[in-house]
$ cat entry-v2.txt   # compact mmCIF, C-alpha atoms and all ligand atoms
# COMPACT_ATOMS: atom_id res chain seq x y z
CA MET A 1 -7.94 -76.61 -33.18
CA PHE A 2 -9.85 -73.46 -32.34
CA ILE A 3 -13.53 -74.14 -33.08
CA ILE A 4 -16.00 -71.33 -33.79
CA GLY A 5 -19.63 -72.53 -33.81
CA GLU A 6 -21.46 -71.34 -36.94
CA LEU A 7 -25.09 -71.90 -35.97
CA ILE A 8 -26.07 -68.40 -34.77
CA ASN A 9 -26.60 -67.09 -38.28
CA GLY A 10 -29.76 -65.37 -39.52
CA MET A 11 -29.42 -67.45 -42.69
CA TYR A 12 -30.89 -70.34 -40.68
CA GLN A 13 -34.66 -70.05 -40.60
CA ASN A 14 -35.08 -70.62 -36.86
CA ILE A 15 -32.39 -68.06 -36.00
CA GLY A 16 -33.71 -65.53 -38.53
CA ARG A 17 -37.15 -65.80 -36.95
CA ALA A 18 -35.75 -65.56 -33.39
CA ILE A 19 -33.88 -62.35 -34.30
CA LYS A 20 -37.01 -60.82 -35.80
CA GLU A 21 -39.21 -61.75 -32.82
CA HIS A 22 -36.50 -61.13 -30.18
CA ASP A 23 -36.93 -64.69 -28.94
CA LYS A 24 -34.01 -65.01 -26.52
CA ALA A 25 -34.65 -68.66 -25.64
CA VAL A 26 -33.91 -69.91 -29.18
CA ILE A 27 -30.60 -68.01 -29.36
CA GLN A 28 -29.50 -68.99 -25.86
CA LYS A 29 -30.31 -72.66 -26.44
CA CYS A 30 -28.32 -72.60 -29.69
CA ALA A 31 -25.38 -70.93 -27.92
CA LEU A 32 -25.31 -73.46 -25.08
CA GLN A 33 -25.76 -76.42 -27.39
CA GLN A 34 -22.67 -75.35 -29.37
CA VAL A 35 -20.59 -74.72 -26.24
CA GLN A 36 -21.54 -78.12 -24.82
CA ALA A 37 -20.59 -79.73 -28.14
CA GLY A 38 -17.07 -78.24 -27.86
CA ALA A 39 -17.18 -74.78 -29.47
CA ASP A 40 -14.39 -72.49 -28.21
CA ALA A 41 -16.14 -69.40 -29.60
CA LEU A 42 -19.42 -68.53 -31.33
CA ASP A 43 -19.95 -66.81 -34.66
CA VAL A 44 -22.68 -64.13 -34.55
CA ASN A 45 -24.25 -63.21 -37.89
CA CYS A 46 -27.59 -61.39 -38.27
CA GLY A 47 -28.08 -62.86 -41.73
CA PRO A 48 -28.90 -61.23 -45.04
CA ALA A 49 -32.55 -60.57 -44.13
CA SER A 50 -31.86 -58.36 -41.08
CA ARG A 51 -33.37 -54.89 -41.58
CA GLU A 52 -31.72 -53.40 -38.49
CA PRO A 53 -28.31 -55.10 -38.35
CA LEU A 54 -26.80 -52.42 -36.06
CA SER A 55 -29.28 -53.15 -33.30
CA ASP A 56 -29.80 -56.84 -34.14
CA ILE A 57 -26.11 -57.63 -33.61
CA GLN A 58 -26.17 -55.85 -30.23
CA TRP A 59 -29.27 -57.78 -29.20
CA LEU A 60 -27.62 -61.06 -30.25
CA VAL A 61 -24.37 -60.31 -28.37
CA GLU A 62 -26.20 -59.29 -25.20
CA THR A 63 -28.53 -62.29 -25.40
CA ILE A 64 -25.65 -64.75 -25.83
CA GLN A 65 -23.55 -63.13 -23.09
CA GLU A 66 -26.33 -63.83 -20.59
CA VAL A 67 -25.59 -67.56 -20.86
CA THR A 68 -21.92 -67.96 -21.84
CA ASP A 69 -18.54 -66.23 -21.52
CA LYS A 70 -17.13 -67.77 -24.70
CA PRO A 71 -15.57 -65.29 -27.14
CA LEU A 72 -17.88 -64.06 -29.92
CA ALA A 73 -16.96 -63.61 -33.59
CA LEU A 74 -18.84 -60.66 -35.06
CA ASP A 75 -19.63 -61.82 -38.59
CA SER A 76 -20.62 -59.09 -41.03
CA SER A 77 -19.36 -57.62 -44.27
CA LYS A 78 -20.23 -54.15 -42.92
CA PRO A 79 -17.66 -52.49 -40.61
CA LYS A 80 -20.45 -50.41 -39.03
CA VAL A 81 -22.26 -53.57 -37.93
CA ILE A 82 -19.05 -55.00 -36.47
CA GLU A 83 -18.35 -51.74 -34.65
CA SER A 84 -21.85 -51.77 -33.22
CA GLY A 85 -21.31 -55.30 -31.86
CA LEU A 86 -17.90 -54.36 -30.44
CA LYS A 87 -19.52 -51.70 -28.28
CA VAL A 88 -21.44 -54.26 -26.21
CA ILE A 89 -19.06 -57.23 -26.22
CA LYS A 90 -17.58 -58.09 -22.80
CA ASN A 91 -14.88 -60.63 -23.59
CA ARG A 92 -12.07 -60.41 -26.09
CA PRO A 93 -13.83 -60.07 -29.48
CA ILE A 94 -13.12 -61.70 -32.82
CA ILE A 95 -13.75 -59.56 -35.92
CA ASN A 96 -15.12 -61.63 -38.81
CA SER A 97 -13.96 -60.26 -41.17
CA THR A 98 -11.94 -57.82 -43.22
CA THR A 99 -11.23 -58.25 -46.92
CA ALA A 100 -7.94 -57.15 -48.51
CA ASP A 101 -9.52 -53.88 -49.69
CA PRO A 102 -7.24 -51.10 -48.37
CA GLU A 103 -10.14 -48.94 -47.19
CA LYS A 104 -11.89 -51.69 -45.26
CA LEU A 105 -8.63 -53.12 -43.98
CA GLU A 106 -7.55 -49.78 -42.44
CA ILE A 107 -10.88 -49.40 -40.61
CA LEU A 108 -11.00 -52.96 -39.29
CA VAL A 109 -7.34 -53.21 -38.26
CA ALA A 110 -7.82 -49.96 -36.31
CA LEU A 111 -10.97 -51.36 -34.65
CA ALA A 112 -9.19 -54.64 -33.85
CA LYS A 113 -6.41 -52.68 -32.15
CA GLN A 114 -8.81 -50.43 -30.26
CA TYR A 115 -10.85 -53.39 -28.91
CA LYS A 116 -7.86 -55.80 -28.55
CA ALA A 117 -9.74 -58.14 -30.88
CA ARG A 118 -8.53 -61.04 -32.94
CA LEU A 119 -9.05 -60.37 -36.65
CA ILE A 120 -10.11 -62.69 -39.47
CA GLY A 121 -8.82 -61.59 -42.89
CA ILE A 122 -10.46 -63.13 -45.94
CA THR A 123 -8.55 -63.21 -49.22
CA ILE A 124 -11.16 -61.33 -51.23
CA SER A 125 -10.74 -57.91 -52.83
CA SER A 126 -12.95 -55.55 -54.78
CA LYS A 127 -12.04 -57.71 -57.79
CA GLY A 128 -13.87 -60.64 -56.20
CA ILE A 129 -12.85 -64.11 -55.05
CA PRO A 130 -9.39 -65.23 -56.25
CA GLN A 131 -9.26 -68.03 -58.77
CA ASN A 132 -5.89 -69.51 -57.82
CA LYS A 133 -3.28 -69.84 -55.09
CA ASP A 134 -1.08 -66.96 -56.22
CA GLN A 135 -3.99 -64.51 -56.10
CA ARG A 136 -4.86 -65.76 -52.61
CA LEU A 137 -1.27 -65.29 -51.45
CA GLU A 138 -1.08 -61.82 -52.93
CA LEU A 139 -4.16 -60.71 -51.00
CA ALA A 140 -2.96 -62.44 -47.85
CA ALA A 141 0.32 -60.52 -48.10
CA VAL A 142 -1.58 -57.23 -48.37
CA ILE A 143 -3.51 -58.07 -45.20
CA VAL A 144 -0.37 -59.12 -43.29
CA ALA A 145 1.53 -56.00 -44.43
CA THR A 146 -1.27 -53.73 -43.23
CA CYS A 147 -1.27 -55.43 -39.83
CA VAL A 148 2.51 -55.05 -39.53
CA ASP A 149 2.40 -51.38 -40.64
CA ASN A 150 -0.23 -50.65 -38.01
CA ASP A 151 1.49 -52.59 -35.22
CA PHE A 152 -1.25 -55.18 -35.02
CA ASN A 153 0.12 -58.50 -33.74
CA VAL A 154 0.15 -60.93 -36.68
CA GLU A 155 -0.41 -63.83 -34.29
CA ASP A 156 -3.88 -62.41 -33.68
CA LEU A 157 -4.61 -62.46 -37.42
CA TYR A 158 -6.49 -65.45 -38.89
CA LEU A 159 -6.17 -65.69 -42.68
CA ASP A 160 -9.07 -67.32 -44.52
CA PRO A 161 -8.53 -68.54 -48.12
CA ILE A 162 -12.33 -68.60 -48.65
CA VAL A 163 -13.47 -72.14 -49.13
CA LEU A 164 -15.67 -72.63 -52.19
CA PRO A 165 -18.28 -75.34 -52.69
CA VAL A 166 -16.65 -78.46 -54.11
CA ASN A 167 -19.60 -78.97 -56.46
CA VAL A 168 -18.79 -75.75 -58.34
CA ALA A 169 -15.07 -75.23 -57.74
CA GLN A 170 -13.61 -78.72 -57.63
CA ALA A 171 -10.45 -77.70 -59.47
CA GLN A 172 -9.64 -75.10 -56.78
CA MET A 173 -9.72 -77.33 -53.70
CA LYS A 174 -6.04 -78.23 -53.89
CA ASP A 175 -5.04 -74.57 -54.27
CA ILE A 176 -7.16 -73.67 -51.26
CA LEU A 177 -5.43 -76.34 -49.16
CA GLU A 178 -1.97 -75.27 -50.32
CA SER A 179 -2.82 -71.65 -49.54
CA ILE A 180 -3.34 -72.65 -45.92
CA ARG A 181 0.21 -74.00 -45.77
CA GLU A 182 1.73 -71.01 -47.56
CA PHE A 183 -0.14 -68.37 -45.52
CA LYS A 184 1.87 -69.59 -42.55
CA ILE A 185 5.19 -68.65 -44.16
CA ILE A 186 4.26 -65.10 -45.21
CA SER A 187 5.68 -63.65 -42.01
CA GLN A 188 7.57 -64.49 -38.85
CA PRO A 189 5.79 -64.87 -36.46
CA SER A 190 3.18 -66.64 -38.59
CA PRO A 191 -0.38 -65.53 -39.00
CA LYS A 192 -2.97 -68.15 -38.08
CA THR A 193 -5.30 -69.81 -40.57
CA ILE A 194 -9.05 -70.41 -40.55
CA VAL A 195 -11.79 -71.65 -42.88
CA GLY A 196 -15.58 -71.39 -43.02
CA LEU A 197 -15.89 -75.15 -43.39
CA SER A 198 -19.53 -75.63 -44.37
CA ASN A 199 -19.02 -73.60 -47.54
CA VAL A 200 -17.26 -76.67 -49.01
CA SER A 201 -20.41 -78.79 -49.05
CA GLN A 202 -23.03 -76.18 -49.91
CA GLY A 203 -25.33 -77.63 -52.54
CA SER A 204 -23.95 -81.18 -52.13
CA CYS A 205 -25.98 -84.04 -50.69
CA VAL A 206 -23.34 -85.79 -48.56
CA ARG A 207 -22.49 -82.69 -46.56
CA SER A 208 -21.18 -84.15 -43.33
CA LEU A 209 -18.71 -86.51 -45.01
CA ILE A 210 -17.41 -83.78 -47.33
CA ASN A 211 -17.04 -81.38 -44.38
CA ARG A 212 -15.06 -83.78 -42.23
CA THR A 213 -12.85 -85.02 -45.04
CA PHE A 214 -11.95 -81.47 -46.05
CA LEU A 215 -11.33 -80.51 -42.42
CA THR A 216 -9.04 -83.48 -41.86
CA MET A 217 -7.03 -82.58 -44.96
CA ALA A 218 -6.89 -78.90 -44.02
CA VAL A 219 -5.55 -79.81 -40.57
CA ALA A 220 -2.76 -81.70 -42.33
CA TYR A 221 -1.94 -78.48 -44.21
CA GLY A 222 -1.63 -76.61 -40.91
CA LEU A 223 -5.13 -75.21 -40.29
CA ASP A 224 -5.42 -73.52 -36.88
CA ALA A 225 -9.14 -72.76 -36.61
CA ALA A 226 -12.50 -73.45 -38.26
CA ILE A 227 -15.99 -72.01 -38.30
CA LEU A 228 -18.15 -75.12 -38.34
CA ASP A 229 -21.19 -76.94 -36.99
CA PRO A 230 -20.06 -78.32 -33.62
CA ALA A 231 -23.33 -80.26 -33.31
CA ASP A 232 -21.96 -82.64 -35.98
CA LYS A 233 -20.35 -85.15 -33.62
CA GLU A 234 -18.53 -87.10 -36.31
CA LEU A 235 -17.01 -83.84 -37.56
CA MET A 236 -15.83 -82.93 -34.06
CA ASP A 237 -14.41 -86.44 -33.60
CA ALA A 238 -12.53 -86.06 -36.89
CA ALA A 239 -11.12 -82.68 -35.79
CA ILE A 240 -9.90 -84.12 -32.49
CA THR A 241 -8.46 -87.22 -34.16
CA SER A 242 -6.65 -85.16 -36.82
CA GLU A 243 -4.80 -83.33 -34.09
CA LEU A 244 -4.03 -86.59 -32.33
CA ILE A 245 -2.42 -87.90 -35.52
CA LEU A 246 -0.32 -84.71 -35.73
CA ASN A 247 0.90 -85.42 -32.17
CA LYS A 248 -0.79 -82.32 -30.78
CA GLN A 249 -2.42 -84.47 -28.12
CA ILE A 250 -1.26 -87.45 -26.14
CA TYR A 251 -2.83 -90.76 -27.15
CA CYS A 252 -4.89 -92.81 -24.74
CA ASP A 253 -7.77 -95.18 -25.55
CA SER A 254 -10.27 -92.64 -24.31
CA TYR A 255 -8.70 -89.62 -26.07
CA LEU A 256 -12.06 -88.41 -27.42
CA GLU A 257 -13.63 -88.27 -23.97
CA ALA A 258 -10.42 -86.87 -22.48
CA TYR A 259 -10.43 -84.03 -25.03
CA ARG A 260 -14.09 -83.25 -24.39
CA LYS A 261 -13.51 -83.02 -20.61
CA LYS A 262 -10.72 -80.47 -21.06
N1 LIG A 301 -15.32 -67.40 -43.72
C1 LIG A 301 -15.54 -66.57 -42.68
N2 LIG A 301 -16.75 -66.39 -42.13
C2 LIG A 301 -17.82 -67.03 -42.66
C3 LIG A 301 -17.65 -67.92 -43.73
C4 LIG A 301 -16.35 -68.09 -44.28
N3 LIG A 301 -19.05 -66.85 -42.11
C5 LIG A 301 -20.22 -67.38 -42.76
C6 LIG A 301 -19.90 -68.71 -43.42
N4 LIG A 301 -18.73 -68.60 -44.22
C7 LIG A 301 -19.70 -69.77 -42.35
N5 LIG A 301 -20.94 -70.14 -41.78
C8 LIG A 301 -21.82 -70.96 -42.47
C9 LIG A 301 -23.06 -71.18 -41.90
C10 LIG A 301 -23.97 -71.99 -42.55
C11 LIG A 301 -23.64 -72.59 -43.75
C12 LIG A 301 -22.41 -72.37 -44.31
C13 LIG A 301 -21.48 -71.57 -43.67
C14 LIG A 301 -24.62 -73.45 -44.47
N6 LIG A 301 -25.91 -73.21 -44.29
C15 LIG A 301 -26.97 -73.94 -44.93
C16 LIG A 301 -26.85 -73.87 -46.46
O1 LIG A 301 -26.51 -72.80 -46.98
O2 LIG A 301 -27.11 -74.87 -47.10
C17 LIG A 301 -28.28 -73.27 -44.57
C18 LIG A 301 -29.25 -74.27 -44.07
C19 LIG A 301 -30.53 -73.61 -43.68
O3 LIG A 301 -30.93 -72.63 -44.32
O4 LIG A 301 -31.15 -74.11 -42.74
O5 LIG A 301 -24.23 -74.29 -45.24
O6 LIG A 301 -16.12 -68.84 -45.24
N7 LIG A 301 -14.47 -65.93 -42.16
$ encode --input "entry-v2.txt" --output "structure tokens" --more "lines below"
Ligand code: THG
Amino acid sequence: MFIIGELINGMYQNIGRAIKEHDKAVIQKCALQQVQAGADALDVNCGPASREPLSDIQWLVETIQEVTDKPLALDSSKPKVIESGLKVIKNRPIINSTTADPEKLEILVALAKQYKARLIGITISSKGIPQNKDQRLELAAVIVATCVDNDFNVEDLYLDPIVLPVNVAQAQMKDILESIREFKIISQPSPKTIVGLSNVSQGSCVRSLINRTFLTMAVAYGLDAAILDPADKELMDAAITSELILNKQIYCDSYLEAYRKK
């Protein structure tokens, strides 16, 4: 499972303040904490309150790169902000994300090609968030087709069904899980799949349990990657154990420690 740490997001109060005050220590500590907890990559999101997202994202990228070489996922709904981050990124970038809107898709697939980035495609269009599996698949097919038409390697595409909070969209959870399985059969080779996990428990009070239960189920449906809180040790243990059960790792009594030492 490819883990992207979600904690460098201006939506968190401490991060929002650190961005505003250019407090490098807070960002660097958060980056290292996530890497030590097992993150393979770090999401970088200036948050909704950023007044200067074009320069804030560059400051974040440069600040994080001083302490880690892990890949960074530039998380913004604005292609201009992503492009700004791409200009200063040293390692292979991840673009988070494009929607299925043709205009946005063309711009971001072209940027992904230019910067040899991996690309996250979320199944949202100008009509909003889909309400069922068929709508998700339709949008996923649009994203895959645009990648193929532009010679962008589909194996570098991560499709995201957009996880909704279980407390408001309980009836959609099964469709979201099944979308993960069906995204994989849209093309050969298959695109990869990803979720923003914490969305599922927003507004609920037993967040950690809901997060790890959903993750475990999503892994069973073929999930390849997740944006999550790697500081949640029980969640990370569940992710590792899910893959063990699917025979993606060899069992030994100390498999958790063995995985963490990898
Ligand atoms: N898909 C993709 N990218 C994404 C998401 C997605 N990026 C953003 C988000 N969703 C994933 N990251 C988070 C980060 C934090 C939370 C949820 C998802 C979260 N935050 C607390 C809350 O809202 O309750 C904030 C707590 C605080 O303010 O301190 O839950 O789906 N591709």
$ residues_around --input "entry-v2.txt" --residues "stretch 50-54 of chain A" --least-positions-apart "5" --cutoff "9 Å" --atoms "only C-alpha atoms" --output "ChimeraX atom specification"
/A:10,16,19-20,80-85
$ closest_residue --input "entry-v2.txt" --among "A:Pro93, A:Gln135, A:Met1, A:Ile122" --to "A:Gln249" --atoms "only C-alpha atoms"
A:Met1
$ closest_atom_pairs --input "entry-v2.txt" --of "chain A" --to "ligand LIG 301 (chain A)" --cutoff "7 Å" --atoms "only C-alpha atoms and all ligand atoms" --output "tab-separated table"
residue	atom	partner	partner_atom	distance
A:Glu6	CA	A:LIG301	N5	5.0
A:Leu7	CA	A:LIG301	C9	6.3
A:Asn9	CA	A:LIG301	C9	6.5
A:Met11	CA	A:LIG301	O3	5.6
A:Tyr12	CA	A:LIG301	O3	4.3
A:Gln13	CA	A:LIG301	O4	5.8
A:Asp75	CA	A:LIG301	N3	6.2
A:Asn96	CA	A:LIG301	N7	5.5
A:Ser97	CA	A:LIG301	N7	5.8
A:Ile120	CA	A:LIG301	N7	6.1
A:Ile122	CA	A:LIG301	N7	6.2
A:Asp160	CA	A:LIG301	N7	6.1
A:Ile162	CA	A:LIG301	O6	5.1
A:Val163	CA	A:LIG301	O6	5.7
A:Val195	CA	A:LIG301	N1	5.6
A:Gly196	CA	A:LIG301	O6	3.4
A:Leu197	CA	A:LIG301	O6	6.6
A:Ser198	CA	A:LIG301	C12	4.4
A:Asn199	CA	A:LIG301	C12	4.8
A:Gln202	CA	A:LIG301	O2	5.1
A:Gly203	CA	A:LIG301	O2	6.4
A:Ile227	CA	A:LIG301	C7	5.9
A:Leu228	CA	A:LIG301	N5	6.7
$ write_last_selection --input "entry-v2.txt" --atoms "C-alpha atoms" --output "CSV table (one decimal), in the coordinates of the input"
chain,number,residue,atom,x,y,z
A,6,GLU,CA,-21.5,-71.3,-36.9
A,7,LEU,CA,-25.1,-71.9,-36.0
A,9,ASN,CA,-26.6,-67.1,-38.3
A,11,MET,CA,-29.4,-67.4,-42.7
A,12,TYR,CA,-30.9,-70.3,-40.7
A,13,GLN,CA,-34.7,-70.0,-40.6
A,75,ASP,CA,-19.6,-61.8,-38.6
A,96,ASN,CA,-15.1,-61.6,-38.8
A,97,SER,CA,-14.0,-60.3,-41.2
A,120,ILE,CA,-10.1,-62.7,-39.5
A,122,ILE,CA,-10.5,-63.1,-45.9
A,160,ASP,CA,-9.1,-67.3,-44.5
A,162,ILE,CA,-12.3,-68.6,-48.6
A,163,VAL,CA,-13.5,-72.1,-49.1
A,195,VAL,CA,-11.8,-71.6,-42.9
A,196,GLY,CA,-15.6,-71.4,-43.0
A,197,LEU,CA,-15.9,-75.2,-43.4
A,198,SER,CA,-19.5,-75.6,-44.4
A,199,ASN,CA,-19.0,-73.6,-47.5
A,202,GLN,CA,-23.0,-76.2,-49.9
A,203,GLY,CA,-25.3,-77.6,-52.5
A,227,ILE,CA,-16.0,-72.0,-38.3
A,228,LEU,CA,-18.2,-75.1,-38.3
$ residues_around --input "entry-v2.txt" --residues "stretch 38-42 of chain A" --least-positions-apart "5" --cutoff "7 Å" --atoms "all atoms listed in the file" --output "list in words"
Phe2, Ile3, Ile4, Gly5, Glu6, Lys70, Pro71, Leu72, Ala73, Pro230 and Arg260 of chain A
$ closest_residue --input "entry-v2.txt" --among "A:Glu138, A:Pro48, A:Asp156, A:Cys147" --to "A:Ile95" --atoms "only C-alpha atoms"
A:Asp156
$ closest_residue --input "entry-v2.txt" --among "A:Ser125, A:Ser208, A:Thr241, A:Gln33" --to "A:Glu257" --atoms "only C-alpha atoms"
A:Thr241
$ closest_residue --input "entry-v2.txt" --among "A:Met173, A:Ala231, A:Ala140, A:Ala112" --to "A:Thr99" --atoms "all atoms listed in the file"
A:Ala140
$ closest_residue --input "entry-v2.txt" --among "A:Ala226, A:Ile185, A:Leu74, A:Leu105" --to "A:Gly47" --atoms "only C-alpha atoms"
A:Leu74
$ residues_around --input "entry-v2.txt" --residues "A:Lys116" --least-positions-apart "6" --cutoff "12 Å" --atoms "all atoms listed in the file" --output "mmCIF file with C-alpha atoms, in the coordinates of the input"
data_model
loop_
_atom_site.group_PDB
_atom_site.id
_atom_site.type_symbol
_atom_site.label_atom_id
_atom_site.label_comp_id
_atom_site.auth_asym_id
_atom_site.auth_seq_id
_atom_site.Cartn_x
_atom_site.Cartn_y
_atom_site.Cartn_z
ATOM 1 C CA LEU A 86 -17.900 -54.360 -30.440
ATOM 2 C CA ILE A 89 -19.060 -57.230 -26.220
ATOM 3 C CA LYS A 90 -17.580 -58.090 -22.800
ATOM 4 C CA ASN A 91 -14.880 -60.630 -23.590
ATOM 5 C CA ARG A 92 -12.070 -60.410 -26.090
ATOM 6 C CA PRO A 93 -13.830 -60.070 -29.480
ATOM 7 C CA ILE A 94 -13.120 -61.700 -32.820
ATOM 8 C CA ILE A 95 -13.750 -59.560 -35.920
ATOM 9 C CA LEU A 108 -11.000 -52.960 -39.290
ATOM 10 C CA VAL A 109 -7.340 -53.210 -38.260
ATOM 11 C CA ALA A 110 -7.820 -49.960 -36.310
ATOM 12 C CA ASP A 151 1.490 -52.590 -35.220
ATOM 13 C CA PHE A 152 -1.250 -55.180 -35.020
ATOM 14 C CA ASN A 153 0.120 -58.500 -33.740
ATOM 15 C CA ASP A 156 -3.880 -62.410 -33.680
ATOM 16 C CA LEU A 157 -4.610 -62.460 -37.420
#
$ closest_residue --input "entry-v2.txt" --among "A:Ile143, A:Val219, A:Ile15, A:Ala100" --to "A:Ala49" --atoms "only C-alpha atoms"
A:Ile15
$ atom_distance --input "entry-v2.txt" --atom1 "atom CA of A:Ile27" --atom2 "atom CA of A:Ile8"
7.1 Å
$ atom_distance --input "entry-v2.txt" --atom1 "atom CA of A:Val144" --atom2 "atom CA of A:Ser76"
20.4 Å
$ atom_distance --input "entry-v2.txt" --atom1 "atom CA of A:Ala239" --atom2 "atom CA of A:Arg118"
22.0 Å
$ axis_aligned_box --input "entry-v2.txt" --around "stretch 52-68 of chain A" --padding-each-side "5 Å" --output "lines of an AutoDock Vina configuration file"
center_x = -26.8
center_y = -60.2
center_z = -29.5
size_x = 19.8
size_y = 25.5
size_z = 27.9
$ residues_around --input "entry-v2.txt" --residues "A:Ala258" --least-positions-apart "6" --cutoff "12 Å" --atoms "all atoms listed in the file" --output "list in words"
Asp237, Ile240, Thr241, Leu244, Gln249, Ile250, Tyr251 and Cys252 of chain A
$ write_last_selection --input "entry-v2.txt" --atoms "C-alpha atoms" --output "PDB file, keeping the file's coordinate frame"
ATOM      1  CA  ASP A 237     -14.410 -86.440 -33.600  1.00  0.00           C
ATOM      2  CA  ILE A 240      -9.900 -84.120 -32.490  1.00  0.00           C
ATOM      3  CA  THR A 241      -8.460 -87.220 -34.160  1.00  0.00           C
ATOM      4  CA  LEU A 244      -4.030 -86.590 -32.330  1.00  0.00           C
ATOM      5  CA  GLN A 249      -2.420 -84.470 -28.120  1.00  0.00           C
ATOM      6  CA  ILE A 250      -1.260 -87.450 -26.140  1.00  0.00           C
ATOM      7  CA  TYR A 251      -2.830 -90.760 -27.150  1.00  0.00           C
ATOM      8  CA  CYS A 252      -4.890 -92.810 -24.740  1.00  0.00           C
TER       9      CYS A 252
END
$ residues_around --input "entry-v2.txt" --residues "A:Ser179" --least-positions-apart "6" --cutoff "7 Å" --atoms "only C-alpha atoms" --output "number ranges by chain"
A: 133, 136-137, 161
$ write_last_selection --input "entry-v2.txt" --atoms "C-alpha atoms" --output "short mmCIF file (atom, residue, chain, number, x, y, z; two decimals), in the coordinates of the input"
data_model
loop_
_atom_site.label_atom_id
_atom_site.label_comp_id
_atom_site.auth_asym_id
_atom_site.auth_seq_id
_atom_site.Cartn_x
_atom_site.Cartn_y
_atom_site.Cartn_z
CA LYS A 133 -3.28 -69.84 -55.09
CA ARG A 136 -4.86 -65.76 -52.61
CA LEU A 137 -1.27 -65.29 -51.45
CA PRO A 161 -8.53 -68.54 -48.12
#
$ build_atoms --input "entry-v2.txt" --residues "stretch 186-191 of chain A" --atoms "all heavy atoms" --output "mmCIF file, in the frame of the given file"
data_model
loop_
_atom_site.group_PDB
_atom_site.id
_atom_site.type_symbol
_atom_site.label_atom_id
_atom_site.label_comp_id
_atom_site.auth_asym_id
_atom_site.auth_seq_id
_atom_site.Cartn_x
_atom_site.Cartn_y
_atom_site.Cartn_z
ATOM 1 N N ILE A 186 4.206 -66.488 -44.719
ATOM 2 C CA ILE A 186 4.260 -65.100 -45.210
ATOM 3 C C ILE A 186 5.078 -64.219 -44.258
ATOM 4 O O ILE A 186 5.788 -63.320 -44.686
ATOM 5 C CB ILE A 186 2.838 -64.515 -45.368
ATOM 6 C CG1 ILE A 186 2.138 -65.176 -46.564
ATOM 7 C CG2 ILE A 186 2.875 -62.992 -45.553
ATOM 8 C CD1 ILE A 186 0.715 -64.719 -46.767
ATOM 9 N N SER A 187 4.945 -64.488 -42.963
ATOM 10 C CA SER A 187 5.680 -63.650 -42.010
ATOM 11 C C SER A 187 6.136 -64.458 -40.814
ATOM 12 O O SER A 187 5.657 -65.575 -40.582
ATOM 13 C CB SER A 187 4.807 -62.470 -41.539
ATOM 14 O OG SER A 187 3.795 -62.947 -40.674
ATOM 15 N N GLN A 188 7.052 -63.886 -40.089
ATOM 16 C CA GLN A 188 7.570 -64.490 -38.850
ATOM 17 C C GLN A 188 7.394 -63.477 -37.738
ATOM 18 O O GLN A 188 7.980 -62.408 -37.841
ATOM 19 C CB GLN A 188 9.051 -64.844 -39.061
ATOM 20 C CG GLN A 188 9.655 -65.714 -38.004
ATOM 21 C CD GLN A 188 8.974 -67.063 -37.902
ATOM 22 O OE1 GLN A 188 8.163 -67.250 -36.994
ATOM 23 N NE2 GLN A 188 9.265 -67.989 -38.788
ATOM 24 N N PRO A 189 6.608 -63.676 -36.700
ATOM 25 C CA PRO A 189 5.790 -64.870 -36.460
ATOM 26 C C PRO A 189 4.691 -65.052 -37.515
ATOM 27 O O PRO A 189 4.311 -64.104 -38.194
ATOM 28 C CB PRO A 189 5.160 -64.578 -35.078
ATOM 29 C CG PRO A 189 5.186 -63.104 -34.922
ATOM 30 C CD PRO A 189 6.401 -62.647 -35.658
ATOM 31 N N SER A 190 4.189 -66.283 -37.588
ATOM 32 C CA SER A 190 3.180 -66.640 -38.590
ATOM 33 C C SER A 190 1.814 -66.107 -38.225
ATOM 34 O O SER A 190 1.445 -66.096 -37.046
ATOM 35 C CB SER A 190 3.044 -68.157 -38.652
ATOM 36 O OG SER A 190 4.162 -68.730 -39.231
ATOM 37 N N PRO A 191 1.049 -65.726 -39.261
ATOM 38 C CA PRO A 191 -0.380 -65.530 -39.000
ATOM 39 C C PRO A 191 -1.024 -66.893 -38.763
ATOM 40 O O PRO A 191 -0.420 -67.921 -39.087
ATOM 41 C CB PRO A 191 -0.885 -64.912 -40.311
ATOM 42 C CG PRO A 191 0.107 -65.305 -41.348
ATOM 43 C CD PRO A 191 1.422 -65.521 -40.661
#
